[in-house]
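Structure below is target-v4.cif: mmCIF, C-alpha atoms and all ligand atoms.
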data_my_file
#
loop_
_atom_site.label_atom_id
_atom_site.label_comp_id
_atom_site.auth_asym_id
_atom_site.auth_seq_id
_atom_site.Cartn_x
_atom_site.Cartn_y
_atom_site.Cartn_z
CA MET S 230 -216.30 -29.78 87.50
CA LYS S 231 -215.44 -33.34 86.56
CA LEU S 232 -216.85 -36.45 88.17
CA LYS S 233 -214.02 -38.67 89.42
CA LEU S 234 -214.61 -42.35 88.62
CA ALA S 235 -212.41 -45.14 90.03
CA ILE S 236 -212.19 -48.36 88.03
CA GLN S 237 -209.99 -51.44 88.28
CA LYS S 238 -206.56 -50.87 86.77
CA SER S 239 -206.26 -54.41 85.45
CA GLY S 240 -208.11 -57.63 86.15
CA ARG S 241 -211.51 -59.11 85.55
CA LEU S 242 -213.52 -55.88 85.77
CA HIS S 243 -211.20 -53.61 83.80
CA ASP S 244 -212.22 -54.47 80.25
CA ASP S 245 -215.96 -54.50 80.91
CA SER S 246 -215.70 -51.16 82.73
CA MET S 247 -213.85 -49.56 79.80
CA LYS S 248 -216.25 -51.14 77.30
CA LEU S 249 -219.27 -49.78 79.14
CA LEU S 250 -217.83 -46.25 79.11
CA LYS S 251 -217.13 -46.58 75.40
CA GLU S 252 -220.68 -47.76 74.75
CA CYS S 253 -221.84 -44.69 76.66
CA GLY S 254 -219.98 -42.61 74.07
CA ILE S 255 -217.26 -41.59 76.50
CA ASP S 256 -213.82 -41.41 74.85
CA ILE S 257 -210.92 -42.06 77.16
CA SER S 258 -207.85 -40.60 75.52
CA ASN S 259 -204.67 -41.53 77.40
CA GLY S 260 -203.73 -45.09 78.21
CA VAL S 261 -204.30 -47.07 81.37
CA ASN S 262 -200.62 -47.16 82.28
CA LYS S 263 -201.11 -43.89 84.06
CA LEU S 264 -202.98 -43.47 87.31
CA LYS S 265 -205.44 -41.05 85.73
CA ALA S 266 -207.15 -40.46 82.40
CA GLU S 267 -209.65 -37.89 81.19
CA ALA S 268 -212.61 -38.19 78.89
CA ALA S 269 -212.48 -35.88 75.91
CA ASN S 270 -216.24 -35.47 75.53
CA PHE S 271 -217.79 -35.97 78.98
CA PRO S 272 -217.04 -34.31 82.34
CA ILE S 273 -215.42 -37.36 83.86
CA GLU S 274 -211.95 -38.25 85.07
CA LEU S 275 -210.81 -41.86 85.54
CA PHE S 276 -208.62 -43.27 88.29
CA PHE S 277 -207.15 -46.74 87.72
CA LEU S 278 -206.82 -48.59 91.03
CA ARG S 279 -206.73 -52.04 92.62
CA ASP S 280 -210.32 -53.11 93.14
CA ASP S 281 -209.74 -53.58 96.91
CA ASP S 282 -208.84 -49.90 97.26
CA ILE S 283 -211.84 -48.49 95.39
CA PRO S 284 -214.34 -48.39 98.33
CA GLN S 285 -211.80 -46.53 100.52
CA TYR S 286 -211.03 -43.97 97.79
CA VAL S 287 -214.76 -43.37 97.31
CA GLU S 288 -215.41 -43.08 101.05
CA ASP S 289 -212.57 -40.53 101.32
CA GLY S 290 -213.91 -38.57 98.36
CA VAL S 291 -210.68 -38.97 96.35
CA ALA S 292 -213.06 -40.51 93.80
CA ASP S 293 -216.76 -39.55 93.62
CA ILE S 294 -217.89 -42.89 92.20
CA GLY S 295 -216.42 -46.31 91.47
CA PHE S 296 -217.13 -49.49 89.55
CA VAL S 297 -216.40 -52.47 91.80
CA GLY S 298 -217.70 -55.94 92.73
CA GLU S 299 -220.34 -56.16 95.45
CA ASN S 300 -218.13 -58.78 97.12
CA VAL S 301 -215.47 -56.11 97.66
CA VAL S 302 -218.00 -53.43 98.70
CA TYR S 303 -219.57 -55.59 101.41
CA GLU S 304 -216.27 -57.07 102.61
CA LYS S 305 -214.63 -53.65 102.97
CA ASN S 306 -217.76 -52.24 104.55
CA LYS S 307 -216.87 -48.57 103.87
CA LYS S 308 -219.29 -45.68 104.07
CA VAL S 309 -220.41 -45.58 100.44
CA ASP S 310 -223.76 -45.99 98.70
CA VAL S 311 -224.44 -48.67 96.10
CA ALA S 312 -226.18 -46.65 93.41
CA TYR S 313 -226.57 -48.98 90.44
CA ALA S 314 -226.07 -52.62 89.42
CA LEU S 315 -223.89 -52.71 86.29
CA GLY S 316 -224.70 -56.26 85.18
CA PHE S 317 -221.16 -57.54 84.52
CA GLY S 318 -218.59 -59.33 86.72
CA LYS S 319 -221.20 -61.77 87.96
CA CYS S 320 -220.00 -64.40 90.41
CA ARG S 321 -220.91 -65.82 93.80
CA LEU S 322 -219.13 -66.13 97.11
CA SER S 323 -219.57 -69.73 98.19
CA PHE S 324 -218.37 -72.26 100.68
CA ALA S 325 -216.74 -75.28 99.07
CA VAL S 326 -215.93 -78.63 100.61
CA ARG S 327 -213.90 -81.68 99.49
CA LYS S 328 -215.87 -83.45 96.81
CA GLU S 329 -216.46 -86.57 98.88
CA GLU S 330 -217.83 -84.59 101.80
CA ASN S 331 -221.45 -83.82 102.46
CA PHE S 332 -222.27 -80.24 103.51
CA SER S 333 -225.35 -80.75 105.63
CA GLY S 334 -225.93 -77.08 106.50
CA PRO S 335 -224.22 -74.29 108.46
CA GLN S 336 -223.56 -76.65 111.41
CA PHE S 337 -221.15 -78.57 109.17
CA LEU S 338 -218.78 -75.61 109.60
CA ALA S 339 -218.63 -75.86 113.40
CA GLY S 340 -215.02 -76.19 114.56
CA LYS S 341 -213.72 -76.28 110.99
CA ARG S 342 -210.82 -74.22 109.57
CA ILE S 343 -212.13 -72.00 106.77
CA ALA S 344 -209.71 -70.48 104.25
CA THR S 345 -210.99 -67.29 102.64
CA SER S 346 -210.12 -63.82 101.35
CA TYR S 347 -213.48 -62.65 102.72
CA PRO S 348 -213.16 -62.91 106.54
CA VAL S 349 -215.78 -60.22 107.21
CA LEU S 350 -218.50 -61.82 105.09
CA VAL S 351 -217.67 -65.30 106.37
CA GLN S 352 -217.77 -64.14 110.02
CA GLU S 353 -221.12 -62.46 109.36
CA TYR S 354 -222.48 -65.73 107.98
CA LEU S 355 -221.15 -67.67 110.98
CA ASN S 356 -222.66 -65.21 113.44
CA LYS S 357 -226.00 -65.24 111.67
CA ASN S 358 -226.06 -69.03 111.91
CA LYS S 359 -224.61 -69.12 115.42
CA VAL S 360 -221.70 -71.31 114.37
CA LYS S 361 -218.14 -71.07 115.70
CA ALA S 362 -215.31 -71.83 113.29
CA GLU S 363 -211.73 -70.76 112.64
CA ILE S 364 -211.19 -68.31 109.79
CA HIS S 365 -207.83 -68.34 108.00
CA GLU S 366 -207.46 -65.26 105.84
CA ILE S 367 -205.43 -65.83 102.67
CA SER S 368 -205.20 -63.37 99.84
CA GLY S 369 -204.94 -65.66 96.83
CA SER S 370 -205.19 -69.30 95.64
CA VAL S 371 -207.64 -70.08 98.42
CA GLU S 372 -208.74 -73.23 96.61
CA ILE S 373 -205.45 -75.05 97.27
CA ALA S 374 -205.77 -74.69 101.07
CA PRO S 375 -207.56 -78.01 101.76
CA GLY S 376 -205.12 -79.90 99.50
CA ILE S 377 -202.09 -78.69 101.48
CA GLY S 378 -203.75 -79.25 104.83
CA LEU S 379 -204.19 -75.57 105.66
CA ALA S 380 -207.96 -75.68 105.93
CA ASP S 381 -210.99 -78.00 105.85
CA VAL S 382 -213.31 -75.70 103.93
CA VAL S 383 -212.88 -72.70 101.63
CA CYS S 384 -215.08 -69.71 100.97
CA ASP S 385 -214.21 -68.11 97.63
CA LEU S 386 -215.61 -66.54 94.49
CA VAL S 387 -216.97 -68.96 91.93
CA SER S 388 -218.14 -68.37 88.39
CA SER S 389 -217.85 -71.48 86.19
CA GLY S 390 -216.86 -73.74 89.09
CA SER S 391 -213.89 -75.21 87.21
CA THR S 392 -211.28 -73.94 89.69
CA LEU S 393 -213.03 -75.78 92.52
CA PHE S 394 -213.44 -78.88 90.39
CA MET S 395 -209.76 -78.97 89.44
CA ASN S 396 -208.85 -78.82 93.12
CA GLY S 397 -211.12 -81.68 94.13
CA LEU S 398 -213.67 -79.37 95.77
CA LYS S 399 -217.37 -78.79 95.26
CA GLU S 400 -219.54 -75.76 95.86
CA ALA S 401 -221.68 -76.23 98.97
CA GLU S 402 -223.45 -73.00 99.89
CA THR S 403 -223.57 -69.51 98.38
CA ILE S 404 -223.39 -66.63 100.83
CA LEU S 405 -223.43 -63.75 98.35
CA ALA S 406 -224.45 -63.37 94.70
CA SER S 407 -222.26 -60.59 93.35
CA GLN S 408 -221.88 -58.37 90.30
CA ALA S 409 -220.12 -55.11 89.53
CA VAL S 410 -221.94 -52.10 90.95
CA LEU S 411 -221.58 -48.35 90.79
CA ILE S 412 -220.81 -46.98 94.24
CA LYS S 413 -220.94 -43.30 95.13
CA ARG S 414 -219.66 -41.30 98.04
CA LYS S 415 -222.05 -40.17 100.72
CA ASP S 416 -221.35 -36.50 100.39
CA PHE S 417 -222.47 -35.68 96.87
CA GLY S 418 -222.97 -32.12 95.55
CA THR S 419 -225.72 -31.15 93.11
CA GLU S 420 -223.32 -30.63 90.21
CA ALA S 421 -221.77 -34.07 90.74
CA GLN S 422 -225.27 -35.53 91.03
CA SER S 423 -226.34 -34.06 87.71
CA ILE S 424 -223.28 -35.50 85.93
CA LEU S 425 -223.95 -38.87 87.59
CA GLU S 426 -227.55 -38.77 86.36
CA ARG S 427 -226.35 -38.12 82.80
CA LEU S 428 -223.97 -41.07 83.11
CA LEU S 429 -226.64 -43.37 84.58
CA PHE S 430 -229.07 -42.38 81.82
CA ARG S 431 -226.51 -43.51 79.24
CA ILE S 432 -225.66 -46.73 81.11
CA GLU S 433 -229.36 -47.53 81.39
CA SER S 434 -229.85 -47.01 77.62
CA VAL S 435 -226.95 -49.32 76.82
CA LYS S 436 -228.22 -51.99 79.23
CA LYS S 437 -231.79 -51.83 77.90
CA ALA S 438 -230.54 -52.05 74.33
CA LYS S 439 -228.61 -55.24 75.14
CA LYS S 440 -231.72 -56.85 76.56
CA ASN S 441 -233.77 -56.18 73.43
CA LYS S 442 -233.72 -56.90 69.71
CA TYR S 443 -235.21 -54.95 66.85
CA VAL S 444 -237.35 -57.21 64.68
CA LEU S 445 -238.58 -56.56 61.13
CA LEU S 446 -240.90 -58.97 59.36
CA ASN S 447 -243.35 -59.28 56.51
CA ALA S 448 -246.93 -60.13 57.38
CA PRO S 449 -249.90 -61.05 55.22
CA ASN S 450 -252.55 -58.39 55.92
CA ASP S 451 -255.17 -60.95 56.90
CA GLN S 452 -252.85 -62.08 59.73
CA LEU S 453 -251.80 -58.59 60.81
CA GLU S 454 -253.98 -58.38 63.85
CA LYS S 455 -252.74 -61.70 65.24
CA ILE S 456 -249.09 -60.84 64.51
CA ILE S 457 -249.39 -57.40 66.12
CA SER S 458 -250.91 -58.96 69.22
CA LEU S 459 -247.74 -61.06 69.59
CA LEU S 460 -245.46 -58.03 69.45
CA PRO S 461 -245.17 -55.67 72.38
CA GLY S 462 -243.16 -52.86 70.74
CA MET S 463 -242.10 -49.78 72.69
CA LYS S 464 -245.52 -48.19 72.28
CA SER S 465 -247.00 -50.38 69.56
CA PRO S 466 -245.39 -51.91 66.47
CA THR S 467 -244.79 -49.86 63.32
CA VAL S 468 -246.78 -51.17 60.32
CA LEU S 469 -245.90 -50.08 56.77
CA PRO S 470 -247.47 -51.30 53.52
CA LEU S 471 -245.21 -53.38 51.26
CA ALA S 472 -245.00 -52.74 47.51
CA SER S 473 -246.69 -56.09 46.85
CA PRO S 474 -250.40 -55.85 47.67
CA GLY S 475 -251.82 -57.76 50.63
CA TRP S 476 -248.57 -57.58 52.65
CA SER S 477 -247.20 -55.27 55.32
CA SER S 478 -243.84 -54.75 56.96
CA VAL S 479 -243.99 -54.83 60.77
CA HIS S 480 -241.20 -53.43 63.00
CA SER S 481 -240.98 -53.97 66.72
CA VAL S 482 -238.73 -54.51 69.74
CA ILE S 483 -238.62 -57.87 71.52
CA ALA S 484 -237.00 -58.67 74.87
CA GLU S 485 -234.13 -61.15 74.59
CA SER S 486 -235.68 -63.30 77.32
CA ASP S 487 -238.82 -64.27 75.39
CA PHE S 488 -237.29 -63.84 71.98
CA TRP S 489 -237.40 -67.43 70.61
CA ASP S 490 -240.91 -68.03 71.93
CA ILE S 491 -242.24 -65.00 70.11
CA ILE S 492 -240.35 -65.77 66.89
CA GLU S 493 -241.87 -69.26 66.80
CA GLN S 494 -245.35 -67.87 67.32
CA LEU S 495 -244.78 -65.22 64.64
CA LYS S 496 -243.75 -67.89 62.14
CA GLY S 497 -246.79 -69.92 63.10
CA ALA S 498 -248.98 -66.90 62.44
CA GLY S 499 -247.61 -66.52 58.89
CA ALA S 500 -244.79 -63.99 59.34
CA GLU S 501 -242.05 -64.21 56.71
CA GLY S 502 -238.63 -62.68 56.09
CA ILE S 503 -237.99 -62.11 59.79
CA LEU S 504 -234.90 -59.95 60.40
CA VAL S 505 -233.44 -59.54 63.88
CA VAL S 506 -231.13 -56.60 64.48
CA PRO S 507 -229.15 -55.71 67.61
CA ILE S 508 -229.99 -52.37 69.19
CA GLU S 509 -227.13 -50.09 70.13
CA LYS S 510 -228.90 -47.62 72.42
CA MET S 511 -232.47 -47.55 73.65
CA ILE S 512 -233.90 -44.27 74.93
CA LEU S 513 -237.42 -44.40 76.24
O1 LIG S 601 -205.42 -56.49 91.20
P1 LIG S 601 -206.77 -56.34 91.80
O2 LIG S 601 -206.76 -56.39 93.32
O3 LIG S 601 -207.47 -55.13 91.26
O4 LIG S 601 -207.63 -57.58 91.27
P2 LIG S 601 -208.02 -58.96 92.00
O5 LIG S 601 -207.02 -59.99 91.59
O6 LIG S 601 -208.33 -58.76 93.43
O7 LIG S 601 -209.44 -59.26 91.34
P3 LIG S 601 -209.85 -59.96 89.97
O8 LIG S 601 -209.44 -59.12 88.81
O9 LIG S 601 -209.52 -61.40 89.96
O10 LIG S 601 -211.46 -59.86 90.16
C1 LIG S 601 -212.07 -58.64 90.24
C2 LIG S 601 -213.54 -58.88 90.52
O11 LIG S 601 -214.13 -59.68 89.49
C3 LIG S 601 -213.89 -59.64 91.77
O12 LIG S 601 -213.80 -58.84 92.95
C4 LIG S 601 -215.30 -60.10 91.49
O13 LIG S 601 -216.22 -59.05 91.80
C5 LIG S 601 -215.29 -60.32 89.98
N1 LIG S 601 -215.27 -61.74 89.58
C6 LIG S 601 -216.16 -62.34 88.76
C7 LIG S 601 -214.35 -62.68 89.94
C8 LIG S 601 -214.74 -63.87 89.34
N2 LIG S 601 -215.86 -63.63 88.60
C9 LIG S 601 -213.94 -65.07 89.54
N3 LIG S 601 -214.27 -66.11 89.00
N4 LIG S 601 -213.25 -62.61 90.72
C10 LIG S 601 -212.51 -63.71 90.90
N5 LIG S 601 -212.79 -64.93 90.34
C11 LIG S 601 -211.82 -66.04 90.63
C12 LIG S 601 -212.06 -66.78 91.94
O14 LIG S 601 -211.45 -66.11 93.00
C13 LIG S 601 -211.44 -68.14 91.66
O15 LIG S 601 -210.05 -68.12 91.84
O16 LIG S 601 -211.86 -67.02 89.63
C14 LIG S 601 -211.71 -68.32 90.17
C15 LIG S 601 -212.99 -69.08 90.03
O17 LIG S 601 -213.48 -69.02 88.72
P4 LIG S 601 -214.19 -70.29 88.08
O18 LIG S 601 -214.72 -69.81 86.76
O19 LIG S 601 -213.15 -71.35 87.92
O20 LIG S 601 -215.31 -70.71 89.01
ZN ZN S 602 -208.20 -57.20 94.48
#

So that I can check it, write out the structure of this file as structure tokens.
Amino acid sequence: MKLKLAIQKSGRLHDDSMKLLKECGIDISNGVNKLKAEAANFPIELFFLRDDDIPQYVEDGVADIGFVGENVVYEKNKKVDVAYALGFGKCRLSFAVRKEENFSGPQFLAGKRIATSYPVLVQEYLNKNKVKAEIHEISGSVEIAPGIGLADVVCDLVSSGSTLFMNGLKEAETILASQAVLIKRKDFGTEAQSILERLLFRIESVKKAKKNKYVLLNAPNDQLEKIISLLPGMKSPTVLPLASPGWSSVHSVIAESDFWDIIEQLKGAGAEGILVVPIEKMIL
């Protein structure tokens, strides 16, 4: 069997979805102008769809899994499971008000007209905060609604914030932090599950590799102990003697997050010739 994966046909998630599959060593042969494509070297079949339709296709079992934004998953509220956070397509669903206004809290929204493409999530927020407001559902260019007098407040996706800024709005309150996730259908056979596990294993290796760097450095032997204590490594660092006496070569893996801290400490401890190399895959 082949696992059927739905991804966005074109738009913000398309390229990152294709890139991730490529990094997982999955070759997609035919182009994206078709509805479907097959992988040559992995039991997977791709469906290219509008992101809004992906949860429904997965619920119906037309696709087994899908890559889609959490914002769409929770708005559509279909019967699917969120199986894995993919780490790309990060954004937030936020209320925004005119820049001269002061959002004092959920009560600010009482009686206001809210323009949004996310009526379900907005209504949920209003209910949770026991606020009554009018929701105007619009499918695109939500940010122009206050300017043309269609609404007082908007609730839309934000990443850099420049769209809001250019429309004289400011972000007031985030109701959902979102990223692309892998969703799967409820009814999943064992064969499908085992292909999914192979795929997730590869995705996990790619993600881990991106978060880490391979570091090689030269260390004077009398500082080795100190330098090794600074380096976590996967088990422990590799230490090899250099041709010149009194020196060793030390290899290790450092997490991107504390990378510069550790490099500075390594230099302070006498490390020289530090090389930092990206890691392509990391299998633990
Ligand atoms: O055609 P299809 O229906 O498939 O695509 P679409 O037009 O509905 O979606 P698309 O391609 O715009 O976005 C797909 C997904 O990308 C979204 O569902 C989110 O999960 C994710 N994503 C990440 C974003 C953004 N960042 C984002 N910034 N989706 C939309 N935006 C828009 C936002 O709506 C606003 O208009 O970008 C503008 C704000 O960006 P900044 O950088 O100016 O703040
Ligand atoms: Zn869409």

Inset, instruction - Work out how far CA of Glu267 (chain S) is from CA of Asp293 (chain S), in Å to one decimal. - result: 14.4 Å

Legend entry - Selection: 8 Å around Leu469 (chain S), only C-alpha atoms, excl. self and same-chain fewer than 4 positions, as a list in words: Ser477, Ser478 and Val479 of chain S

Convert the current residue selection to file output with C-alpha atoms, as a compact mmCIF listing (two decimals), in the frame of the given file.
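File written: out.txt
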# COMPACT_ATOMS: atom_id res chain seq x y z
CA SER S 477 -247.20 -55.27 55.32
CA SER S 478 -243.84 -54.75 56.96
CA VAL S 479 -243.99 -54.83 60.77

Legend entry - Distance query 12 Å from (-245.3, -49.3, 73.4) using only C-alpha atoms, result as a PyMOL selection string: chain S and resi 457-458+460-467+480-483+513

Legend entry - Test item: residues at most 12 Å from Glu433 (chain S), only C-alpha atoms, excluding those fewer than 4 positions along its chain, as a list in words: Leu249, Leu250, Glu252, Cys253, Tyr313, Ala314, Leu315, Gly316, Leu425, Glu426, Arg427, Leu428, Leu429, Lys437, Ala438, Lys439, Lys440, Glu509, Lys510, Met511, Ile512 and Leu513 of chain S

Mind working out the centre and edge lengths of an axis-aligned box for ligand LIG 601 (chain S), all listed atoms inside, 3 Å added to each side, rounded to one decimal in Å and written as JSON?
{"center_x": -210.8, "center_y": -63.2, "center_z": 90.1, "size_x": 16.8, "size_y": 22.2, "size_z": 12.7}

Inset, instruction - May I ask you to write as JSON, numbers by chain all residues lying at most 12 Å from ligand ZN 602 (chain S), with all atoms listed in the file counted? - result: {"S": [236, 237, 238, 239, 240, 241, 242, 243, 278, 279, 280, 281, 282, 283, 284, 297, 298, 300, 301, 302, 304, 305, 346, 347, 368, 369, 386]}

Write out the residues from the selection above, keeping C-alpha atoms, as a tab-separated table (two decimals), in the coordinates of the input.
chain	number	residue	atom	x	y	z
S	236	ILE	CA	-212.19	-48.36	88.03
S	237	GLN	CA	-209.99	-51.44	88.28
S	238	LYS	CA	-206.56	-50.87	86.77
S	239	SER	CA	-206.26	-54.41	85.45
S	240	GLY	CA	-208.11	-57.63	86.15
S	241	ARG	CA	-211.51	-59.11	85.55
S	242	LEU	CA	-213.52	-55.88	85.77
S	243	HIS	CA	-211.20	-53.61	83.80
S	278	LEU	CA	-206.82	-48.59	91.03
S	279	ARG	CA	-206.73	-52.04	92.62
S	280	ASP	CA	-210.32	-53.11	93.14
S	281	ASP	CA	-209.74	-53.58	96.91
S	282	ASP	CA	-208.84	-49.90	97.26
S	283	ILE	CA	-211.84	-48.49	95.39
S	284	PRO	CA	-214.34	-48.39	98.33
S	297	VAL	CA	-216.40	-52.47	91.80
S	298	GLY	CA	-217.70	-55.94	92.73
S	300	ASN	CA	-218.13	-58.78	97.12
S	301	VAL	CA	-215.47	-56.11	97.66
S	302	VAL	CA	-218.00	-53.43	98.70
S	304	GLU	CA	-216.27	-57.07	102.61
S	305	LYS	CA	-214.63	-53.65	102.97
S	346	SER	CA	-210.12	-63.82	101.35
S	347	TYR	CA	-213.48	-62.65	102.72
S	368	SER	CA	-205.20	-63.37	99.84
S	369	GLY	CA	-204.94	-65.66	96.83
S	386	LEU	CA	-215.61	-66.54	94.49

Inset, instruction - Quote the spacing between CA of Arg321 (chain S) and atom C10 of ligand LIG 601 (chain S) in Å to one decimal place. - result: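 Separation between CA of Arg321 (chain S) and atom C10 of ligand LIG 601 (chain S): 9.1 Å.
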
Inset, instruction - Figure out the distance between CA of Pro507 (chain S) and CA of Gln494 (chain S), please, to one decimal in Å. - result: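 Taking CA of Gln494 (chain S) and CA of Pro507 (chain S), their separation equals 20.3 Å.
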
With all atoms listed in the file as the counted atoms, please give the residues lying no more than 8 Å from region 374-377 of chain S, apart from itself and same-chain residues fewer than 6 positions off, as a PDB file with C-alpha atoms, in the coordinates of the input.
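So the final result, stored in around.pdb, reads:
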ATOM      1  CA  ARG S 327    -213.900 -81.680  99.490  1.00  0.00           C
ATOM      2  CA  ALA S 344    -209.710 -70.480 104.250  1.00  0.00           C
ATOM      3  CA  VAL S 383    -212.880 -72.700 101.630  1.00  0.00           C
ATOM      4  CA  ASN S 396    -208.850 -78.820  93.120  1.00  0.00           C
TER       5      ASN S 396
END

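Proximity to Pro335 (chain S) at 12 Å, evaluated using all atoms listed in the file and with sequence-adjacent residues fewer than 3 positions away removed, yields Phe324, Asn331, Phe332, Leu338, Ala339, Gly340, Lys341, Val351, Tyr354, Leu355, Asn356, Lys357, Asn358, Lys359, Val360, Lys361, Ala362, Val382, Ala401, Glu402, Thr403 and Ile404 of chain S.
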